Structure formats: structure tokens, C-alpha cells
Amino acid sequence: MTLPLALFFAVLLGFFSLEVLIHAHDHAGAVGGLFWTLVIVVWIAAGLLTSSLAKLKILNPTLQRIADLCAAAIFGLTLLFLWEAVTVGFAVPSVLMPPPSAIGAAIANSLPILQADFVQTIVKAVIPGWIMGCAAGFLTAIIADRVPFLRRGLIPIGNFVSALPIIGVAPIMVMWFGFDWHSKAAVVVIMTFFPMLVNTVAGLAAASHLERDLMRSYGASYLQSLFRLRLPAALPFIFNALKINSTLALVGAIVAEFFGTPIVGMGFRISTEVGRMSLDMVWAEIAVAALAGSLFYGLLAQVERFAAFWHPSYRAK
Amino acid sequence: MMSEAAPASTLKAPAARSGEGQTVPVLTIVGCLILIWYAAAIWLNMPFQLQLNPELAGMDLVYATWAAERPVLPSPHQVLAEIWKTTALVDITSKRSLFYHAWVTISSSLLGFAMGTLVGVLLAAAIVHVRALQKSLLPWIIASQTIPILAIAPIIIVVLGSIGITGIFPKALISAYLCFFPIAISMVKGLTSPDLMQLDLMRTYNASQFETFAKLRWPASVPFLFAGFKVAIAISLVGAIVGEMPTGAQAGLGARLLAGSYYGQTVQIWAALFMASGLAAFLVMAVAFAERVTLKRMGVKP
């Protein structure tokens, strides 16, 4: 029942939204009441389509996932559509809010710049910093776990530091390590260290007493029980930290660039283009950052699915 | 990301169990860190001091590195002296007072926190009750956090500034954007935490959807709400501080950081950083206190 209905809404949606967008670009700022009626029709159709998609119950889990993805995708596309219709229809000055089409054009027109910024910020600063910070946090957690005195001292400190605005060290790091990517990587290392430390220590405590006793009754050494039991049991916690850190790392590197950079980098581009009021370029950088962040996050989620396949949260699905 | 709040609350258990055994290790480690700091201050500041005065040697050199005017790494007592000088010795309304700057930051971060809480709770309530939203909106809420929100900070401030909205509201908006996520996620968890049996009981009472919400879901979600609060209050402060950076704002801890970095005033940077940390600690403790009081009044046994 709902599937034909959904298809009907989808066709309606595609037809009207195209119509609206073409009309909006031909008569930017001078659209009439009919235009807004159409926009509202599209909006309602999209809402009905998502809700009918969400109600779909499909036995095949792959198809079900695709239907869920579609519901989410249509919601996002509707937001983009409304953004475009409103900015073009009301002729909002692009200094305030450029329409998505202008942002898309900015991306297409300045690919070399975006690529250079991407390499400077993400490849040179974020990724090395993220790896170093996570590795250092992980190793410290292993040591802290081995030495109870250290653990009791470090964990309260780690918890406390995790709540602090660590991003504030950015100006200091820029002074110490210079304007180039080294200082940004240093900020990323500091920002990612503590979440990893705290989460890994918590994860190493996740294996139950029963399981540990079993390992002891097997006569397993410390290393054997670490690698066979406690690290696998800690995997969900470690991946949680990796995911939190992937967002933190991006933020850290971009914000650190506000304090001084060579003339390349995403944070540099954002702050200079804001100064020149070319907001479409700013949004283009943000789109790149968001895309990189989401891909990184999605990749981590896939790796986790592969590495921690035995975990109840994956087995249930 | 989604379970950011959860490990934090599970962490409490072992810490609470070991109880009084924490003080000595924590103090030892803090002591070690201070010693390392002093040593690092000597090491990092020495080259410049030797450049200034090549005759310096021995303890004179050490003291010189700890008292440099624009050190690479200021020593702890210099930072404390700067904090003392800019809090206790100047008028609280003066622009030189750190309390004044801290107040500017805290006011926008609290406003943002309040807005973020409101949005987060409303979104969570909507998501729990409308099935379509759970599938269409929730993925985007999660995706919104993979965007480096802080990178948008300059845009929000410039855009709102150009249509005449200035002051604390744009900064509060950034805080709110950061805040709403942990609160929405923990509230979705909290509002769905009543189990089937309890929901069925409400059904047998013939409770309306609103009554179920008010009498069962909402009370059940309060502990989750506080878990979200703890994460949110800390990042709302970060949002406010970063919001003060890009436009060269005149006041606030972020502006102090930026000014310090422009003029090479390292001691000022460190003092602002310490003040921000103190503020964060104070806010988190205030939330923890409110949590204890609320849960006690709701009848939760400690």
C-alpha cells in the first residue's frame, strides 16, 4: 500500500521541485504567490514521502537499509531545496547566505585551491596529529592500566582535562612550532590525547571478572590476557574515542589556523574569505571539511563493524 | 560520538570505588607536572636569556628564565602572579580584569547552553514520538556533528553582525549549535529508556500520550539529561571562546587569547587559559551539584 504511494510522491516531488528551481532562477527575487504555493507543495510531498518510506517494513535487511537511507537522503535534499528556493526566491544577498547552487559552483571553480587547502590542513596536520595523539593516548592508557598508582592519578586528571577548552593552547603551539602545519598537528595531538586515554582505560576495565578469572585459570600471562581478552573487549571504547577524536582533530586544526598560517589551509581560507565577504567560498571549504569528516567517520564505523563484529550491538542487526 | 555521554558515566563507578585512594596519586602526578614545567621553562627560555646576557650562569640564569618578560614558556608562578594581578588587584568592571572577560564569555556560553538545551530536548521529544523523524532527522543530527562546527563560527558572527545583530547572541548561537547534540542524543536515549512493561502499565491506566510523556518518559530521562548537560556545558564554553576569536572581539577570554598571541604576551595567554579551565571546572561542578540535588529530590538512592 505504502510503496506505490511513496513512488507517486517521489514523482510529484521531482517534477515540482525542478519546476520551482527553474522558475526561481529565471525570476530571482520577483517570484509570485504561485511559486511559494509550489514550494509548500514540494515540502509537504517530501514530508509525506519520508514518512511513508519510514513506515515501510521490508523483510530483506539490505533493502530495508536502502529504504532508511533514502528517507534520510530525501530529508537532506529537501533542506537543500528549501535553502535554494528561499535564498533565490527572496533574492537573499549572497553575502548573507549563498544558495547551494552558488556553493556548488564555487567548489567546481576552485578545485585546485580546495585541494591545496585540503592537503595542508587534513593530510599534513589532521591525520598525523590524530594518529600521534591517539597512539600516545593508547600507550599511556596501557601503561596506566599496568601501574595502578598511575591509573588512580591519571584518570581524574584526564577526566578533568577532557572538560577543559583545550583548543586554547592553539596560540601557544603556533608560537612554539611556527606557522606551518607542525603547530596544527601539535594542537591536534593534545586535543586527541585525553579522550583516547580516558576511553581506553575505561575499555580495559570492561572485561568482566568471570572472563578474567577464566584467563587466569588457563594460566594466561599478562600479555596473553591483554591481547586475547582485554583489548578486544575494549575495542568499542577505543573506536568511540577514535570517532570523537576525528571530529576534534578537524576542529583543532582549523581553529589553530586562525592564529597564523602560511597562505594556504582551510582555516586560513575561511578567515580570509569571510574578510572578503565571499561566503560561497567559505561554504565550499566547509562542505569539503564536512565531507572529509563524514567520510572519515563512516570509514571508522566500517572498520569497527569489521573489527568488533562479535559485539552485541552489531550481532543484534 | 553517539555514546559520548555513556562512557563518561560508566567511568564514575571505578573512580568512586577507589575513593580516598585517589588523592595521593593525583597530587603526586600534579606535583611531577609542575616540576617538569619548571624544568621545561628553564630549557625553553634559556637560549633567549643567554642571547640577552651571555654572562649569566648557574642559578642566576635559572632565575632569569623563570622571570623573563616574554618567555617562550612562562613559569607557573608567573602565570599565577598574572592571574592575581588581573583579578584581585584591578576593578572588576575594568577591561583589564580577567573576571570581566570571564563574565563576557560565561554569559554567552550560558545563553547558548540554555538555547541548545531547549532545542535538544524538543528535538528529542519529536524524534521519540514521530517515527518518520527518527529515520530522517536523526541521521542528519549525527552527521551535523562530523562538520567542524567551530569552523562556521566566523561566518555566523560576520553574517549576524552584518544584519545588525552583535553582542553575545551570535556567540551564544555557536554554543547552542555545539550543545544541542549531546543533549538531543542523551534525551533520545533517556525518553526511550522506560521499558515495555512500564509503557504497558501506562496503557492500562488509559494514559494519553502526553501523560505518558509527563509522568513516565520525562522523569525517566532526567539522569540521561544530566549526562548530556555535563558534556554540553563544557563544549558550550569552548564554543563561546572560539566565537570570540575570529572577529577580533574586544572582550572575552577568546579575545584575550587572540590579543595575547598577536602581541606575543605569553603570560597573558596562559592566564586566560587557566581562567578558562577554572571556569570549565566550575561549570561542570555546578552541573554535578545540580544533578545530585535533583536526583535526591526525585528519590534516587545514592
# chains A, B, ... in the order shown; residues from 1 in each chain; ligands from 1

$ closest_atom_pairs --of "chain A" --to "chain B" --cutoff "8 Å" --atoms "only C-alpha atoms" --output "Markdown table"
| residue | atom | partner | partner_atom | distance |
| --- | --- | --- | --- | --- |
| A:Thr50 | CA | B:Ala132 | CA | 6.4 |
| A:Ser51 | CA | B:Ala132 | CA | 4.6 |
| A:Ser52 | CA | B:Ala132 | CA | 7.8 |
| A:Leu53 | CA | B:Ala132 | CA | 7.9 |
| A:Ala54 | CA | B:Ala132 | CA | 5.1 |
| A:Lys55 | CA | B:Ala132 | CA | 7.2 |
| A:Asp68 | CA | B:Lys135 | CA | 6.2 |
| A:Ala71 | CA | B:Ser136 | CA | 5.3 |
| A:Ala72 | CA | B:Ser136 | CA | 4.0 |
| A:Ala73 | CA | B:Ser136 | CA | 7.5 |
| A:Ile74 | CA | B:Ser136 | CA | 7.8 |
| A:Phe75 | CA | B:Ser136 | CA | 5.8 |
| A:Gly76 | CA | B:Trp140 | CA | 7.4 |
| A:Val95 | CA | B:Val159 | CA | 7.5 |
| A:Leu96 | CA | B:Val159 | CA | 5.5 |
| A:Phe149 | CA | B:Pro25 | CA | 6.0 |
| A:Leu150 | CA | B:Pro25 | CA | 6.7 |
| A:Arg152 | CA | B:Gln22 | CA | 5.4 |
| A:Gly153 | CA | B:Val26 | CA | 4.0 |
| A:Leu154 | CA | B:Val26 | CA | 6.7 |
| A:Pro156 | CA | B:Val26 | CA | 7.3 |
| A:Ile157 | CA | B:Val26 | CA | 7.1 |
| A:Phe160 | CA | B:Ala281 | CA | 7.3 |
| A:Ala163 | CA | B:Ala234 | CA | 5.4 |
| A:Leu164 | CA | B:Ser277 | CA | 5.3 |
| A:Pro165 | CA | B:Val238 | CA | 5.2 |
| A:Ile167 | CA | B:Val238 | CA | 7.5 |
| A:Gly168 | CA | B:Leu273 | CA | 6.1 |
| A:Val169 | CA | B:Leu273 | CA | 7.4 |
| A:Pro171 | CA | B:Ser261 | CA | 5.6 |
| A:Ile172 | CA | B:Thr266 | CA | 7.4 |
| A:Met175 | CA | B:Ser261 | CA | 7.8 |
| A:Trp176 | CA | B:Val72 | CA | 7.3 |
| A:Asn199 | CA | B:Pro7 | CA | 7.1 |
| A:Ala202 | CA | B:Leu11 | CA | 6.2 |
| A:Phe237 | CA | B:Pro7 | CA | 7.7 |
| A:Asn240 | CA | B:Met1 | CA | 6.4 |
| A:Lys243 | CA | B:Met1 | CA | 6.1 |
| A:Ile244 | CA | B:Met1 | CA | 5.3 |
| A:Thr247 | CA | B:Thr146 | CA | 5.7 |
| A:Leu248 | CA | B:Pro148 | CA | 7.9 |
| A:Leu250 | CA | B:Pro148 | CA | 6.2 |
| A:Val251 | CA | B:Pro148 | CA | 5.1 |
| A:Ile254 | CA | B:Ala151 | CA | 6.5 |
| A:Val255 | CA | B:Ala151 | CA | 6.7 |
| A:Phe258 | CA | B:Pro246 | CA | 7.0 |
| A:Phe259 | CA | B:Leu258 | CA | 7.3 |
| A:Gly267 | CA | B:Ala151 | CA | 7.2 |
| A:Ile270 | CA | B:Ala151 | CA | 7.6 |
| A:Ser271 | CA | B:Pro154 | CA | 7.0 |
| A:Val274 | CA | B:Ile155 | CA | 6.5 |
| A:Leu279 | CA | B:Ile155 | CA | 7.8 |
| A:Val282 | CA | B:Ile155 | CA | 7.9 |
| A:Ile286 | CA | B:Ala151 | CA | 7.3 |
| A:Ala289 | CA | B:Ile147 | CA | 6.6 |
| A:Ala290 | CA | B:Ile147 | CA | 4.3 |
| A:Leu291 | CA | B:Ile147 | CA | 7.8 |
| A:Gly293 | CA | B:Thr146 | CA | 5.2 |
| A:Ser294 | CA | B:Thr146 | CA | 5.5 |
| A:Tyr297 | CA | B:Thr146 | CA | 7.3 |

$ select_by_dssp --residues "range 163-257 of chain A" --states "alpha helix (DSSP H)" --output "count of residues only"
72

$ residues_around --residues "Met191 in chain A" --least-positions-apart "5" --cutoff "12 Å" --atoms "only C-alpha atoms" --output "JSON, numbers by chain"
{"A": [126, 129, 130, 131, 132, 133, 134, 136, 137, 158, 161, 162, 163, 164, 165, 166, 167, 168, 169, 170, 173, 184, 185, 186, 196, 197, 241, 242, 244, 245, 246, 247, 248, 249, 250, 251, 252, 253, 255, 256]}

$ residues_around --residues "Ala40 in chain B" --least-positions-apart "3" --cutoff "10 Å" --atoms "only C-alpha atoms" --output "ChimeraX atom specification"
/B:34-37,43-46,72-75

$ write_last_selection --atoms "all heavy atoms" --output "compact mmCIF listing (two decimals), in the first residue's frame"
# COMPACT_ATOMS: atom_id res chain seq x y z
N ILE B 34 54.27 19.92 37.66
CA ILE B 34 54.78 21.26 37.97
C ILE B 34 56.31 21.28 37.88
O ILE B 34 56.91 22.20 37.33
CB ILE B 34 54.28 21.72 39.35
CG1 ILE B 34 52.76 21.92 39.29
CG2 ILE B 34 54.96 23.00 39.78
CD1 ILE B 34 52.13 22.30 40.58
N LEU B 35 56.94 20.21 38.42
CA LEU B 35 58.40 20.13 38.34
C LEU B 35 58.86 20.12 36.89
O LEU B 35 59.79 20.84 36.49
CB LEU B 35 58.90 18.87 39.05
CG LEU B 35 58.89 18.93 40.58
CD1 LEU B 35 59.46 17.64 41.16
CD2 LEU B 35 59.70 20.13 41.05
N ILE B 36 58.18 19.28 36.07
CA ILE B 36 58.54 19.21 34.65
C ILE B 36 58.38 20.58 34.00
O ILE B 36 59.20 21.01 33.19
CB ILE B 36 57.67 18.16 33.93
CG1 ILE B 36 57.98 16.77 34.45
CG2 ILE B 36 57.88 18.21 32.43
CD1 ILE B 36 57.05 15.70 33.93
N TRP B 37 57.31 21.26 34.40
CA TRP B 37 57.03 22.59 33.86
C TRP B 37 58.19 23.54 34.15
O TRP B 37 58.69 24.23 33.25
CB TRP B 37 55.72 23.11 34.46
CG TRP B 37 55.19 24.35 33.86
CD1 TRP B 37 55.87 25.23 33.07
CD2 TRP B 37 53.88 24.87 34.00
NE1 TRP B 37 55.07 26.27 32.71
CE2 TRP B 37 53.84 26.08 33.27
CE3 TRP B 37 52.73 24.45 34.68
CZ2 TRP B 37 52.69 26.86 33.21
CZ3 TRP B 37 51.60 25.23 34.61
CH2 TRP B 37 51.58 26.41 33.88
N TRP B 43 64.67 25.19 30.17
CA TRP B 43 65.21 24.69 28.90
C TRP B 43 64.76 25.56 27.73
O TRP B 43 65.56 25.92 26.86
CB TRP B 43 64.75 23.24 28.72
CG TRP B 43 65.18 22.62 27.45
CD1 TRP B 43 66.47 22.46 27.02
CD2 TRP B 43 64.34 22.07 26.44
NE1 TRP B 43 66.47 21.85 25.79
CE2 TRP B 43 65.19 21.60 25.42
CE3 TRP B 43 62.96 21.92 26.30
CZ2 TRP B 43 64.67 20.99 24.28
CZ3 TRP B 43 62.47 21.32 25.17
CH2 TRP B 43 63.32 20.86 24.19
N LEU B 44 63.46 25.92 27.72
CA LEU B 44 62.92 26.65 26.57
C LEU B 44 63.31 28.13 26.58
O LEU B 44 63.47 28.74 25.52
CB LEU B 44 61.39 26.54 26.54
CG LEU B 44 60.84 25.19 26.09
CD1 LEU B 44 59.36 25.10 26.36
CD2 LEU B 44 61.10 25.00 24.60
N ASN B 45 63.46 28.70 27.78
CA ASN B 45 63.74 30.14 27.84
C ASN B 45 65.22 30.45 27.83
O ASN B 45 65.62 31.60 27.64
CB ASN B 45 63.11 30.76 29.09
CG ASN B 45 61.61 30.60 29.08
OD1 ASN B 45 61.01 30.47 28.03
ND2 ASN B 45 61.00 30.60 30.25
N MET B 46 66.05 29.41 28.05
CA MET B 46 67.49 29.66 28.19
C MET B 46 68.12 30.32 26.96
O MET B 46 68.84 31.31 27.12
CB MET B 46 68.20 28.35 28.51
CG MET B 46 69.66 28.55 28.75
SD MET B 46 70.32 27.64 30.10
CE MET B 46 69.67 26.04 30.02
N VAL B 72 59.15 32.01 26.36
CA VAL B 72 58.56 31.01 25.48
C VAL B 72 57.55 30.19 26.29
O VAL B 72 56.45 29.91 25.84
CB VAL B 72 59.65 30.09 24.89
CG1 VAL B 72 59.02 29.03 24.00
CG2 VAL B 72 60.66 30.91 24.13
N LEU B 73 57.98 29.82 27.48
CA LEU B 73 57.08 29.12 28.40
C LEU B 73 57.16 29.82 29.75
O LEU B 73 58.19 29.73 30.43
CB LEU B 73 57.49 27.65 28.55
CG LEU B 73 56.70 26.84 29.56
CD1 LEU B 73 55.26 26.71 29.15
CD2 LEU B 73 57.31 25.46 29.75
N PRO B 74 56.14 30.54 30.15
CA PRO B 74 56.20 31.21 31.46
C PRO B 74 56.18 30.18 32.58
O PRO B 74 55.58 29.11 32.43
CB PRO B 74 54.93 32.08 31.46
CG PRO B 74 54.02 31.46 30.49
CD PRO B 74 54.86 30.76 29.47
N SER B 75 56.83 30.50 33.67
CA SER B 75 56.83 29.56 34.79
C SER B 75 55.49 29.68 35.52
O SER B 75 54.82 30.71 35.45
CB SER B 75 57.99 29.86 35.72
OG SER B 75 57.96 31.22 36.07
